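Chemist: Following this line is upload_35.cif, made up of mmCIF, N, CA and C atoms:
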```
data_my_file
#
loop_
_atom_site.label_atom_id
_atom_site.label_comp_id
_atom_site.auth_asym_id
_atom_site.auth_seq_id
_atom_site.Cartn_x
_atom_site.Cartn_y
_atom_site.Cartn_z
N MET A 1 12.78 2.16 -0.74
CA MET A 1 12.52 3.08 -1.83
C MET A 1 12.60 4.50 -1.30
N SER A 2 13.17 5.38 -2.06
CA SER A 2 13.34 6.75 -1.63
C SER A 2 12.02 7.50 -1.66
N THR A 3 12.01 8.67 -1.05
CA THR A 3 10.81 9.49 -1.03
C THR A 3 10.84 10.45 -2.21
N SER A 4 10.78 9.90 -3.41
CA SER A 4 10.78 10.70 -4.63
C SER A 4 9.35 11.05 -5.01
N ASN A 5 9.19 11.66 -6.15
CA ASN A 5 7.86 12.00 -6.63
C ASN A 5 6.98 10.77 -6.81
N VAL A 6 7.58 9.59 -7.04
CA VAL A 6 6.81 8.38 -7.20
C VAL A 6 6.02 8.09 -5.93
N ASP A 7 6.65 8.27 -4.77
CA ASP A 7 5.98 7.99 -3.51
C ASP A 7 4.83 8.95 -3.22
N THR A 8 4.91 10.16 -3.72
CA THR A 8 3.90 11.14 -3.38
C THR A 8 2.79 11.24 -4.41
N LYS A 9 2.95 10.63 -5.56
CA LYS A 9 1.93 10.74 -6.61
C LYS A 9 1.27 9.41 -6.93
N GLY A 10 1.67 8.35 -6.33
CA GLY A 10 1.12 7.05 -6.67
C GLY A 10 1.89 6.42 -7.81
N PRO A 11 1.39 5.27 -8.30
CA PRO A 11 2.11 4.57 -9.36
C PRO A 11 2.19 5.41 -10.63
N ASN A 12 3.38 5.50 -11.17
CA ASN A 12 3.62 6.26 -12.39
C ASN A 12 3.85 5.28 -13.54
N PRO A 13 2.97 5.24 -14.53
CA PRO A 13 3.12 4.29 -15.65
C PRO A 13 4.45 4.46 -16.40
N ASP A 14 5.09 5.62 -16.30
CA ASP A 14 6.38 5.80 -16.96
C ASP A 14 7.49 5.02 -16.25
N GLU A 15 7.24 4.58 -15.02
CA GLU A 15 8.26 3.86 -14.25
C GLU A 15 7.97 2.37 -14.13
N GLY A 16 7.04 1.88 -14.90
CA GLY A 16 6.71 0.46 -14.90
C GLY A 16 5.24 0.25 -15.18
N VAL A 17 4.90 -0.95 -15.59
CA VAL A 17 3.53 -1.29 -15.95
C VAL A 17 2.67 -1.36 -14.69
N VAL A 18 1.55 -0.65 -14.72
CA VAL A 18 0.57 -0.68 -13.64
C VAL A 18 -0.62 -1.51 -14.15
N LEU A 19 -0.95 -2.57 -13.42
CA LEU A 19 -2.03 -3.45 -13.86
C LEU A 19 -3.40 -2.82 -13.61
N ALA A 20 -4.28 -2.98 -14.58
CA ALA A 20 -5.65 -2.48 -14.47
C ALA A 20 -6.44 -3.36 -13.51
N PRO A 21 -7.31 -2.77 -12.70
CA PRO A 21 -8.14 -3.58 -11.80
C PRO A 21 -9.19 -4.37 -12.57
N ARG A 22 -9.51 -5.55 -12.08
CA ARG A 22 -10.57 -6.37 -12.65
C ARG A 22 -11.41 -6.91 -11.48
N PRO A 23 -12.69 -6.63 -11.46
CA PRO A 23 -13.53 -7.02 -10.32
C PRO A 23 -14.13 -8.42 -10.42
N TRP A 24 -13.74 -9.24 -11.38
CA TRP A 24 -14.42 -10.51 -11.62
C TRP A 24 -14.31 -11.49 -10.47
N VAL A 25 -13.17 -11.63 -9.85
CA VAL A 25 -13.03 -12.56 -8.73
C VAL A 25 -13.87 -12.08 -7.54
N PRO A 26 -13.78 -10.80 -7.13
CA PRO A 26 -14.64 -10.35 -6.03
C PRO A 26 -16.14 -10.50 -6.33
N LEU A 27 -16.55 -10.19 -7.55
CA LEU A 27 -17.96 -10.33 -7.90
C LEU A 27 -18.38 -11.80 -7.87
N GLY A 28 -17.49 -12.70 -8.29
CA GLY A 28 -17.77 -14.13 -8.21
C GLY A 28 -17.94 -14.60 -6.78
N VAL A 29 -17.13 -14.06 -5.86
CA VAL A 29 -17.25 -14.42 -4.44
C VAL A 29 -18.58 -13.90 -3.89
N ILE A 30 -18.98 -12.69 -4.28
CA ILE A 30 -20.25 -12.14 -3.83
C ILE A 30 -21.41 -13.01 -4.34
N VAL A 31 -21.36 -13.43 -5.60
CA VAL A 31 -22.40 -14.30 -6.15
C VAL A 31 -22.41 -15.64 -5.42
N LEU A 32 -21.25 -16.16 -5.09
CA LEU A 32 -21.17 -17.40 -4.32
C LEU A 32 -21.84 -17.22 -2.96
N GLY A 33 -21.60 -16.07 -2.33
CA GLY A 33 -22.25 -15.77 -1.05
C GLY A 33 -23.77 -15.74 -1.19
N LEU A 34 -24.26 -15.13 -2.26
CA LEU A 34 -25.71 -15.10 -2.49
C LEU A 34 -26.26 -16.51 -2.71
N GLY A 35 -25.47 -17.34 -3.38
CA GLY A 35 -25.88 -18.73 -3.61
C GLY A 35 -25.94 -19.53 -2.32
N CYS A 36 -25.20 -19.14 -1.33
CA CYS A 36 -25.19 -19.84 -0.04
C CYS A 36 -26.36 -19.46 0.85
N LEU A 37 -27.13 -18.45 0.47
CA LEU A 37 -28.23 -17.98 1.32
C LEU A 37 -29.19 -19.10 1.70
N ALA A 38 -29.52 -19.96 0.76
CA ALA A 38 -30.46 -21.05 1.04
C ALA A 38 -29.88 -22.09 2.00
N LEU A 39 -28.57 -22.24 1.99
CA LEU A 39 -27.93 -23.24 2.84
C LEU A 39 -27.69 -22.75 4.26
N ASN A 40 -27.09 -21.55 4.34
CA ASN A 40 -26.73 -21.03 5.66
C ASN A 40 -26.56 -19.52 5.56
N PRO A 41 -27.46 -18.76 6.16
CA PRO A 41 -27.37 -17.31 6.07
C PRO A 41 -26.08 -16.73 6.65
N TRP A 42 -25.56 -17.35 7.71
CA TRP A 42 -24.31 -16.85 8.31
C TRP A 42 -23.14 -17.05 7.36
N ALA A 43 -23.07 -18.21 6.74
CA ALA A 43 -22.01 -18.48 5.77
C ALA A 43 -22.16 -17.55 4.57
N ALA A 44 -23.39 -17.33 4.13
CA ALA A 44 -23.65 -16.44 3.00
C ALA A 44 -23.19 -15.02 3.32
N GLY A 45 -23.48 -14.57 4.53
CA GLY A 45 -23.06 -13.23 4.95
C GLY A 45 -21.55 -13.10 5.01
N THR A 46 -20.91 -14.13 5.55
CA THR A 46 -19.44 -14.12 5.66
C THR A 46 -18.78 -14.10 4.28
N VAL A 47 -19.25 -14.97 3.41
CA VAL A 47 -18.69 -15.04 2.05
C VAL A 47 -18.98 -13.74 1.31
N GLY A 48 -20.20 -13.22 1.44
CA GLY A 48 -20.56 -11.96 0.79
C GLY A 48 -19.72 -10.79 1.28
N LEU A 49 -19.49 -10.71 2.59
CA LEU A 49 -18.64 -9.64 3.13
C LEU A 49 -17.20 -9.77 2.64
N PHE A 50 -16.71 -11.00 2.55
CA PHE A 50 -15.36 -11.20 2.02
C PHE A 50 -15.29 -10.74 0.57
N GLY A 51 -16.32 -11.05 -0.22
CA GLY A 51 -16.37 -10.59 -1.60
C GLY A 51 -16.39 -9.07 -1.69
N LEU A 52 -17.14 -8.43 -0.80
CA LEU A 52 -17.19 -6.96 -0.76
C LEU A 52 -15.82 -6.38 -0.40
N PHE A 53 -15.16 -7.00 0.57
CA PHE A 53 -13.80 -6.59 0.95
C PHE A 53 -12.86 -6.68 -0.26
N LEU A 54 -12.92 -7.80 -0.99
CA LEU A 54 -12.07 -7.97 -2.17
C LEU A 54 -12.39 -6.94 -3.24
N LEU A 55 -13.68 -6.62 -3.41
CA LEU A 55 -14.09 -5.63 -4.40
C LEU A 55 -13.50 -4.26 -4.06
N ILE A 56 -13.56 -3.89 -2.80
CA ILE A 56 -12.97 -2.62 -2.37
C ILE A 56 -11.45 -2.63 -2.60
N GLN A 57 -10.81 -3.75 -2.25
CA GLN A 57 -9.35 -3.86 -2.45
C GLN A 57 -8.99 -3.76 -3.93
N SER A 58 -9.83 -4.31 -4.80
CA SER A 58 -9.52 -4.25 -6.23
C SER A 58 -9.54 -2.81 -6.75
N GLN A 59 -10.26 -1.94 -6.07
CA GLN A 59 -10.31 -0.54 -6.48
C GLN A 59 -9.26 0.33 -5.78
N ILE A 60 -8.77 -0.13 -4.64
CA ILE A 60 -7.80 0.66 -3.86
C ILE A 60 -6.35 0.30 -4.19
N LEU A 61 -6.07 -0.99 -4.34
CA LEU A 61 -4.69 -1.46 -4.53
C LEU A 61 -4.31 -1.45 -6.00
N ARG A 62 -3.03 -1.25 -6.26
CA ARG A 62 -2.47 -1.34 -7.60
C ARG A 62 -1.16 -2.13 -7.54
N LEU A 63 -0.96 -2.97 -8.54
CA LEU A 63 0.32 -3.67 -8.71
C LEU A 63 1.08 -2.97 -9.82
N GLN A 64 2.36 -2.73 -9.57
CA GLN A 64 3.21 -2.11 -10.58
C GLN A 64 4.48 -2.94 -10.73
N PHE A 65 4.79 -3.26 -11.99
CA PHE A 65 6.02 -3.98 -12.30
C PHE A 65 7.06 -2.94 -12.70
N SER A 66 7.95 -2.60 -11.76
CA SER A 66 9.03 -1.65 -12.06
C SER A 66 10.18 -2.44 -12.67
N SER A 67 11.29 -1.77 -12.91
CA SER A 67 12.43 -2.44 -13.53
C SER A 67 13.07 -3.49 -12.63
N ASP A 68 12.94 -3.34 -11.29
CA ASP A 68 13.62 -4.26 -10.38
C ASP A 68 12.74 -4.94 -9.34
N ALA A 69 11.45 -4.57 -9.26
CA ALA A 69 10.60 -5.14 -8.22
C ALA A 69 9.12 -5.00 -8.56
N LEU A 70 8.33 -5.89 -7.96
CA LEU A 70 6.87 -5.75 -7.98
C LEU A 70 6.50 -4.86 -6.80
N LEU A 71 5.77 -3.79 -7.09
CA LEU A 71 5.35 -2.86 -6.05
C LEU A 71 3.86 -2.99 -5.82
N VAL A 72 3.45 -2.99 -4.57
CA VAL A 72 2.04 -2.99 -4.21
C VAL A 72 1.73 -1.60 -3.66
N TRP A 73 0.83 -0.90 -4.34
CA TRP A 73 0.47 0.48 -3.98
C TRP A 73 -0.91 0.52 -3.37
N ARG A 74 -1.08 1.40 -2.40
CA ARG A 74 -2.40 1.81 -1.92
C ARG A 74 -2.41 3.32 -1.97
N GLY A 75 -3.12 3.84 -2.94
CA GLY A 75 -3.14 5.29 -3.13
C GLY A 75 -1.77 5.80 -3.52
N GLU A 76 -1.19 6.65 -2.70
CA GLU A 76 0.11 7.24 -2.97
C GLU A 76 1.25 6.55 -2.22
N THR A 77 0.95 5.45 -1.56
CA THR A 77 1.93 4.78 -0.71
C THR A 77 2.29 3.40 -1.24
N VAL A 78 3.57 3.10 -1.26
CA VAL A 78 4.03 1.75 -1.58
C VAL A 78 3.90 0.91 -0.30
N LEU A 79 3.02 -0.09 -0.34
CA LEU A 79 2.83 -0.95 0.83
C LEU A 79 3.92 -2.00 0.94
N ARG A 80 4.25 -2.62 -0.18
CA ARG A 80 5.27 -3.67 -0.19
C ARG A 80 6.06 -3.60 -1.48
N ARG A 81 7.28 -4.02 -1.37
CA ARG A 81 8.20 -4.07 -2.50
C ARG A 81 8.77 -5.48 -2.53
N PHE A 82 8.63 -6.17 -3.67
CA PHE A 82 9.11 -7.53 -3.82
C PHE A 82 10.16 -7.57 -4.93
N PRO A 83 11.46 -7.43 -4.58
CA PRO A 83 12.52 -7.44 -5.60
C PRO A 83 12.54 -8.77 -6.37
N TYR A 84 12.64 -8.67 -7.68
CA TYR A 84 12.62 -9.86 -8.53
C TYR A 84 13.76 -10.82 -8.22
N ASN A 85 14.90 -10.29 -7.82
CA ASN A 85 16.06 -11.16 -7.57
C ASN A 85 15.87 -12.05 -6.34
N GLU A 86 14.81 -11.83 -5.55
CA GLU A 86 14.53 -12.69 -4.40
C GLU A 86 13.45 -13.73 -4.69
N TRP A 87 12.86 -13.68 -5.91
CA TRP A 87 11.78 -14.61 -6.26
C TRP A 87 12.36 -15.97 -6.62
N LEU A 88 11.69 -17.02 -6.17
CA LEU A 88 12.06 -18.38 -6.54
C LEU A 88 11.10 -18.96 -7.56
N GLY A 89 9.87 -18.44 -7.62
CA GLY A 89 8.89 -18.94 -8.58
C GLY A 89 7.54 -18.31 -8.38
N TRP A 90 6.65 -18.58 -9.35
CA TRP A 90 5.28 -18.05 -9.29
C TRP A 90 4.35 -18.96 -10.07
N LYS A 91 3.05 -18.82 -9.80
CA LYS A 91 2.05 -19.60 -10.52
C LYS A 91 0.69 -18.90 -10.40
N LEU A 92 -0.08 -18.96 -11.49
CA LEU A 92 -1.47 -18.50 -11.47
C LEU A 92 -2.34 -19.76 -11.46
N PHE A 93 -3.24 -19.86 -10.49
CA PHE A 93 -4.07 -21.06 -10.35
C PHE A 93 -5.41 -20.92 -11.04
N TRP A 94 -5.85 -22.01 -11.61
CA TRP A 94 -7.12 -22.26 -12.26
C TRP A 94 -7.18 -21.68 -13.66
N GLY A 95 -6.26 -22.18 -14.45
CA GLY A 95 -6.14 -21.98 -15.89
C GLY A 95 -6.87 -20.85 -16.57
N PRO A 96 -7.97 -21.14 -17.23
CA PRO A 96 -8.60 -20.11 -18.06
C PRO A 96 -9.20 -18.96 -17.25
N ILE A 97 -9.50 -19.21 -15.98
CA ILE A 97 -10.04 -18.16 -15.12
C ILE A 97 -9.16 -18.07 -13.88
N PRO A 98 -8.01 -17.40 -13.99
CA PRO A 98 -7.10 -17.33 -12.84
C PRO A 98 -7.75 -16.56 -11.69
N VAL A 99 -7.76 -17.18 -10.52
CA VAL A 99 -8.33 -16.52 -9.35
C VAL A 99 -7.34 -16.37 -8.21
N LEU A 100 -6.22 -17.07 -8.30
CA LEU A 100 -5.24 -17.03 -7.21
C LEU A 100 -3.83 -16.94 -7.78
N PHE A 101 -3.06 -16.01 -7.25
CA PHE A 101 -1.68 -15.77 -7.67
C PHE A 101 -0.77 -16.17 -6.52
N TYR A 102 0.12 -17.12 -6.79
CA TYR A 102 1.08 -17.59 -5.80
C TYR A 102 2.47 -17.18 -6.25
N PHE A 103 3.28 -16.68 -5.31
CA PHE A 103 4.69 -16.52 -5.60
C PHE A 103 5.50 -16.76 -4.35
N ARG A 104 6.70 -17.24 -4.58
CA ARG A 104 7.60 -17.58 -3.48
C ARG A 104 8.86 -16.76 -3.60
N GLU A 105 9.23 -16.17 -2.47
CA GLU A 105 10.51 -15.47 -2.36
C GLU A 105 11.45 -16.34 -1.54
N GLN A 106 12.67 -15.90 -1.39
CA GLN A 106 13.65 -16.66 -0.62
C GLN A 106 13.21 -16.85 0.83
N GLN A 107 12.53 -15.86 1.41
CA GLN A 107 12.17 -15.93 2.81
C GLN A 107 10.69 -16.22 3.09
N SER A 108 9.82 -16.14 2.08
CA SER A 108 8.40 -16.32 2.36
C SER A 108 7.63 -16.68 1.09
N ILE A 109 6.38 -17.14 1.31
CA ILE A 109 5.48 -17.40 0.20
C ILE A 109 4.28 -16.46 0.32
N HIS A 110 3.64 -16.22 -0.81
CA HIS A 110 2.51 -15.29 -0.85
C HIS A 110 1.41 -15.86 -1.74
N PHE A 111 0.16 -15.71 -1.29
CA PHE A 111 -1.02 -16.04 -2.07
C PHE A 111 -1.87 -14.78 -2.15
N LEU A 112 -2.20 -14.37 -3.36
CA LEU A 112 -3.02 -13.18 -3.55
C LEU A 112 -4.18 -13.49 -4.49
N PRO A 113 -5.37 -12.98 -4.18
CA PRO A 113 -6.45 -13.12 -5.16
C PRO A 113 -6.13 -12.29 -6.40
N VAL A 114 -6.57 -12.75 -7.55
CA VAL A 114 -6.32 -12.03 -8.80
C VAL A 114 -7.37 -10.93 -8.92
N LEU A 115 -6.99 -9.72 -8.51
CA LEU A 115 -7.87 -8.56 -8.56
C LEU A 115 -7.50 -7.64 -9.72
N PHE A 116 -6.63 -8.14 -10.60
CA PHE A 116 -6.08 -7.34 -11.68
C PHE A 116 -6.21 -8.09 -12.99
N ASP A 117 -5.92 -7.43 -14.07
CA ASP A 117 -5.96 -8.05 -15.39
C ASP A 117 -5.00 -9.23 -15.42
N ALA A 118 -5.55 -10.45 -15.49
CA ALA A 118 -4.74 -11.66 -15.41
C ALA A 118 -3.82 -11.83 -16.61
N THR A 119 -4.25 -11.41 -17.78
CA THR A 119 -3.41 -11.52 -18.97
C THR A 119 -2.16 -10.65 -18.83
N SER A 120 -2.35 -9.41 -18.40
CA SER A 120 -1.21 -8.52 -18.19
C SER A 120 -0.33 -9.02 -17.05
N LEU A 121 -0.94 -9.56 -16.01
CA LEU A 121 -0.17 -10.10 -14.89
C LEU A 121 0.75 -11.21 -15.37
N ARG A 122 0.20 -12.15 -16.15
CA ARG A 122 1.00 -13.27 -16.68
C ARG A 122 2.11 -12.76 -17.59
N GLU A 123 1.80 -11.80 -18.46
CA GLU A 123 2.82 -11.24 -19.37
C GLU A 123 3.97 -10.60 -18.60
N GLN A 124 3.63 -9.82 -17.58
CA GLN A 124 4.67 -9.15 -16.81
C GLN A 124 5.49 -10.13 -15.98
N LEU A 125 4.85 -11.15 -15.43
CA LEU A 125 5.59 -12.16 -14.69
C LEU A 125 6.55 -12.90 -15.61
N ASN A 126 6.09 -13.28 -16.80
CA ASN A 126 6.97 -13.94 -17.76
C ASN A 126 8.13 -13.03 -18.17
N ARG A 127 7.88 -11.76 -18.25
CA ARG A 127 8.92 -10.81 -18.66
C ARG A 127 9.97 -10.61 -17.56
N HIS A 128 9.53 -10.51 -16.32
CA HIS A 128 10.45 -10.13 -15.23
C HIS A 128 10.99 -11.32 -14.43
N ILE A 129 10.23 -12.41 -14.35
CA ILE A 129 10.65 -13.55 -13.54
C ILE A 129 10.52 -14.80 -14.39
N SER A 130 11.62 -15.47 -14.63
CA SER A 130 11.57 -16.63 -15.52
C SER A 130 11.22 -17.92 -14.79
N ALA A 131 11.54 -18.04 -13.52
CA ALA A 131 11.36 -19.31 -12.81
C ALA A 131 9.90 -19.51 -12.40
N GLN A 132 9.38 -20.72 -12.66
CA GLN A 132 8.08 -21.12 -12.19
C GLN A 132 8.24 -22.45 -11.48
N PRO A 133 7.53 -22.63 -10.33
CA PRO A 133 7.67 -23.91 -9.63
C PRO A 133 7.03 -25.04 -10.39
#
```
Turn this file's structure into structure tokens for me.

Modeler:
Amino acid sequence: MSTSNVDTKGPNPDEGVVLAPRPWVPLGVIVLGLGCLALNPWAAGTVGLFGLFLLIQSQILRLQFSSDALLVWRGETVLRRFPYNEWLGWKLFWGPIPVLFYFREQQSIHFLPVLFDATSLREQLNRHISAQP
């Protein structure tokens, strides 16, 4: 991607849909960590810290569906670019409460926690990528 105004200003909604953050999965992980306190404090701490990490990521990262690729933004920087023409399929796991997003490209597979509006994510995936495994 070139060093245009898009790179220096962060995701621009005029250049593609930017998904809104949703903290429900990270908050669920934090609650799970609290629930583990009675069983094992070390496990509870680990799970709780992971939930906190996910919560921070949900506020820092943005997904943008541009005309030709899914972009992962952190602030003003594009971290990764996933061109749609390299996708082989995708899936959102756990039906009514999607918590995990899987997609496969020609060279690799990816699993991401759903830190964004799942309804918009599904709509944009259906719009830009037709194949599902």

Chemist: Evaluated on this file, the PyMOL selection byres ((chain A and resi 81) around 5) picks out some residues - which ones are they, written as a list in words?

Modeler: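 Taken on the displayed file, the PyMOL selection byres ((chain A and resi 81) around 5) yields the residues Leu70, Leu71, Leu79, Arg80, Phe82 and Pro83 of chain A.
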
Chemist: What does the PyMOL selection byres ((chain A and resi 26-29) around 8) select in this file, as a PDB file with N, CA and C atoms, keeping the file's coordinate frame?

Modeler:
```pdb
ATOM      1  N   ARG A  22      -9.510  -5.550 -12.080  1.00  0.00           N
ATOM      2  CA  ARG A  22     -10.570  -6.370 -12.650  1.00  0.00           C
ATOM      3  C   ARG A  22     -11.410  -6.910 -11.480  1.00  0.00           C
ATOM      4  N   PRO A  23     -12.690  -6.630 -11.460  1.00  0.00           N
ATOM      5  CA  PRO A  23     -13.530  -7.020 -10.320  1.00  0.00           C
ATOM      6  C   PRO A  23     -14.130  -8.420 -10.420  1.00  0.00           C
ATOM      7  N   TRP A  24     -13.740  -9.240 -11.380  1.00  0.00           N
ATOM      8  CA  TRP A  24     -14.420 -10.510 -11.620  1.00  0.00           C
ATOM      9  C   TRP A  24     -14.310 -11.490 -10.470  1.00  0.00           C
ATOM     10  N   VAL A  25     -13.170 -11.630  -9.850  1.00  0.00           N
ATOM     11  CA  VAL A  25     -13.030 -12.560  -8.730  1.00  0.00           C
ATOM     12  C   VAL A  25     -13.870 -12.080  -7.540  1.00  0.00           C
ATOM     13  N   ILE A  30     -18.980 -12.690  -4.280  1.00  0.00           N
ATOM     14  CA  ILE A  30     -20.250 -12.140  -3.830  1.00  0.00           C
ATOM     15  C   ILE A  30     -21.410 -13.010  -4.340  1.00  0.00           C
ATOM     16  N   VAL A  31     -21.360 -13.430  -5.600  1.00  0.00           N
ATOM     17  CA  VAL A  31     -22.400 -14.300  -6.150  1.00  0.00           C
ATOM     18  C   VAL A  31     -22.410 -15.640  -5.420  1.00  0.00           C
ATOM     19  N   LEU A  32     -21.250 -16.160  -5.090  1.00  0.00           N
ATOM     20  CA  LEU A  32     -21.170 -17.400  -4.320  1.00  0.00           C
ATOM     21  C   LEU A  32     -21.840 -17.220  -2.960  1.00  0.00           C
ATOM     22  N   GLY A  33     -21.600 -16.070  -2.330  1.00  0.00           N
ATOM     23  CA  GLY A  33     -22.250 -15.770  -1.050  1.00  0.00           C
ATOM     24  C   GLY A  33     -23.770 -15.740  -1.190  1.00  0.00           C
ATOM     25  N   LEU A  34     -24.260 -15.130  -2.260  1.00  0.00           N
ATOM     26  CA  LEU A  34     -25.710 -15.100  -2.490  1.00  0.00           C
ATOM     27  C   LEU A  34     -26.260 -16.510  -2.710  1.00  0.00           C
ATOM     28  N   GLY A  35     -25.470 -17.340  -3.380  1.00  0.00           N
ATOM     29  CA  GLY A  35     -25.880 -18.730  -3.610  1.00  0.00           C
ATOM     30  C   GLY A  35     -25.940 -19.530  -2.320  1.00  0.00           C
ATOM     31  N   VAL A  47     -19.250 -14.970   3.410  1.00  0.00           N
ATOM     32  CA  VAL A  47     -18.690 -15.040   2.050  1.00  0.00           C
ATOM     33  C   VAL A  47     -18.980 -13.740   1.310  1.00  0.00           C
ATOM     34  N   GLY A  48     -20.200 -13.220   1.440  1.00  0.00           N
ATOM     35  CA  GLY A  48     -20.560 -11.960   0.790  1.00  0.00           C
ATOM     36  C   GLY A  48     -19.720 -10.790   1.280  1.00  0.00           C
ATOM     37  N   LEU A  49     -19.490 -10.710   2.590  1.00  0.00           N
ATOM     38  CA  LEU A  49     -18.640  -9.640   3.130  1.00  0.00           C
ATOM     39  C   LEU A  49     -17.200  -9.770   2.640  1.00  0.00           C
ATOM     40  N   PHE A  50     -16.710 -11.000   2.550  1.00  0.00           N
ATOM     41  CA  PHE A  50     -15.360 -11.200   2.020  1.00  0.00           C
ATOM     42  C   PHE A  50     -15.290 -10.740   0.570  1.00  0.00           C
ATOM     43  N   GLY A  51     -16.320 -11.050  -0.220  1.00  0.00           N
ATOM     44  CA  GLY A  51     -16.370 -10.590  -1.600  1.00  0.00           C
ATOM     45  C   GLY A  51     -16.390  -9.070  -1.690  1.00  0.00           C
ATOM     46  N   LEU A  52     -17.140  -8.430  -0.800  1.00  0.00           N
ATOM     47  CA  LEU A  52     -17.190  -6.960  -0.760  1.00  0.00           C
ATOM     48  C   LEU A  52     -15.820  -6.380  -0.400  1.00  0.00           C
ATOM     49  N   PHE A  53     -15.160  -7.000   0.570  1.00  0.00           N
ATOM     50  CA  PHE A  53     -13.800  -6.590   0.950  1.00  0.00           C
ATOM     51  C   PHE A  53     -12.860  -6.680  -0.260  1.00  0.00           C
ATOM     52  N   LEU A  54     -12.920  -7.800  -0.990  1.00  0.00           N
ATOM     53  CA  LEU A  54     -12.070  -7.970  -2.170  1.00  0.00           C
ATOM     54  C   LEU A  54     -12.390  -6.940  -3.240  1.00  0.00           C
ATOM     55  N   LEU A  55     -13.680  -6.620  -3.410  1.00  0.00           N
ATOM     56  CA  LEU A  55     -14.090  -5.630  -4.400  1.00  0.00           C
ATOM     57  C   LEU A  55     -13.500  -4.260  -4.060  1.00  0.00           C
ATOM     58  N   ILE A  56     -13.560  -3.890  -2.800  1.00  0.00           N
ATOM     59  CA  ILE A  56     -12.970  -2.620  -2.370  1.00  0.00           C
ATOM     60  C   ILE A  56     -11.450  -2.630  -2.600  1.00  0.00           C
ATOM     61  N   SER A  58      -9.830  -4.310  -4.800  1.00  0.00           N
ATOM     62  CA  SER A  58      -9.520  -4.250  -6.230  1.00  0.00           C
ATOM     63  C   SER A  58      -9.540  -2.810  -6.750  1.00  0.00           C
ATOM     64  N   PRO A 113      -5.370 -12.980  -4.180  1.00  0.00           N
ATOM     65  CA  PRO A 113      -6.450 -13.120  -5.160  1.00  0.00           C
ATOM     66  C   PRO A 113      -6.130 -12.290  -6.400  1.00  0.00           C
ATOM     67  N   VAL A 114      -6.570 -12.750  -7.550  1.00  0.00           N
ATOM     68  CA  VAL A 114      -6.320 -12.030  -8.800  1.00  0.00           C
ATOM     69  C   VAL A 114      -7.370 -10.930  -8.920  1.00  0.00           C
ATOM     70  N   LEU A 115      -6.990  -9.720  -8.510  1.00  0.00           N
ATOM     71  CA  LEU A 115      -7.870  -8.560  -8.560  1.00  0.00           C
ATOM     72  C   LEU A 115      -7.500  -7.640  -9.720  1.00  0.00           C
TER      73      LEU A 115
END
```

Chemist: If you apply the PyMOL selection byres (((chain A and resi 111 and name CA) around 8) and name CA) to this file, what residues do you get, as a list in words?

Modeler: Leu100, Phe101, Tyr102, Phe103, Ile109, His110, Leu112 and Pro113 of chain A

Chemist: Identify, on the basis of only C-alpha atoms, every residue whose closest approach to Ala118 in chain A does not exceed 9 Å; exclude the query and any residue fewer than 3 positions from it along the same chain; express the result as a ChimeraX atom specification.

Modeler: /A:19,22,92,97-99,114-115,121-123

Chemist: How many Å separate atom N of Phe116 in chain A from atom N of Leu63 in chain A?

Modeler: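 Those two atoms sit 7.9 Å apart.
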
Chemist: Out of A:Gln107, A:Asn40, A:Ile60, A:Gly10, which residue has the shortest atom-to-atom distance to Glu76 in chain A when counting only N, CA and C atoms?

Modeler: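 Under the stated criterion, the closest residue is A:Gly10.
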
Chemist: Between CA of Asn85 in chain A and CA of Gln64 in chain A, what is the distance in Å, rounded to a tenth?

Modeler: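 Spanning CA of Asn85 in chain A to CA of Gln64 in chain A is a straight-line distance of 16.0 Å.
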
Chemist: Go ahead and compute the interatomic distance for atom N of Pro13 in chain A and atom N of Gly75 in chain A, in Å to one decimal.

Modeler: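 Atom-to-atom, atom N of Pro13 in chain A to atom N of Gly75 in chain A, that is 13.2 Å.
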
Chemist: Do you know which residues are at most 7 Å from Glu15 in chain A counting all atoms listed in the file, after dropping those on the same chain fewer than 5 positions away, and could you put them as a count of residues only?

Modeler: 3

Chemist: Run DSSP on the backbone and tell me which residues of chain A come out as alpha helix (DSSP H); list them as an MDAnalysis selection string.

Modeler: chainID A and resid 5:9 24:35 41:60 118:128

Chemist: Please, which residues in range 26-96 of chain A fall within 8 Å of range 126-130 of chain A when counting all atoms listed in the file, and what is the closest atom pair and distance in Å to one decimal for each, ordered by chain then residue number, as a Markdown table?

Modeler:
```
| residue | atom | partner | partner_atom | distance |
| --- | --- | --- | --- | --- |
| A:Ser67 | C | A:His128 | CA | 7.6 |
| A:Tyr84 | CA | A:His128 | C | 6.3 |
| A:Asn85 | N | A:His128 | C | 7.7 |
| A:Trp87 | CA | A:Ile129 | CA | 7.4 |
| A:Leu88 | C | A:Ser130 | C | 7.3 |
| A:Gly89 | CA | A:Ser130 | C | 6.7 |
| A:Trp90 | N | A:Ser130 | C | 7.1 |
```

Chemist: Which of these residues is nearest to Leu61 in chain A, using only C-alpha atoms: A:Ala44, A:Phe93, A:Thr77, A:Gln124?

Modeler: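 Of A:Ala44, A:Phe93, A:Thr77, A:Gln124, the one nearest Leu61 in chain A is A:Thr77, counting only C-alpha atoms.
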
Chemist: When DSSP is applied to the backbone of this structure, which of chain A are assigned strand (DSSP E or B)? Write them out as a count of residues only.

Modeler: 40
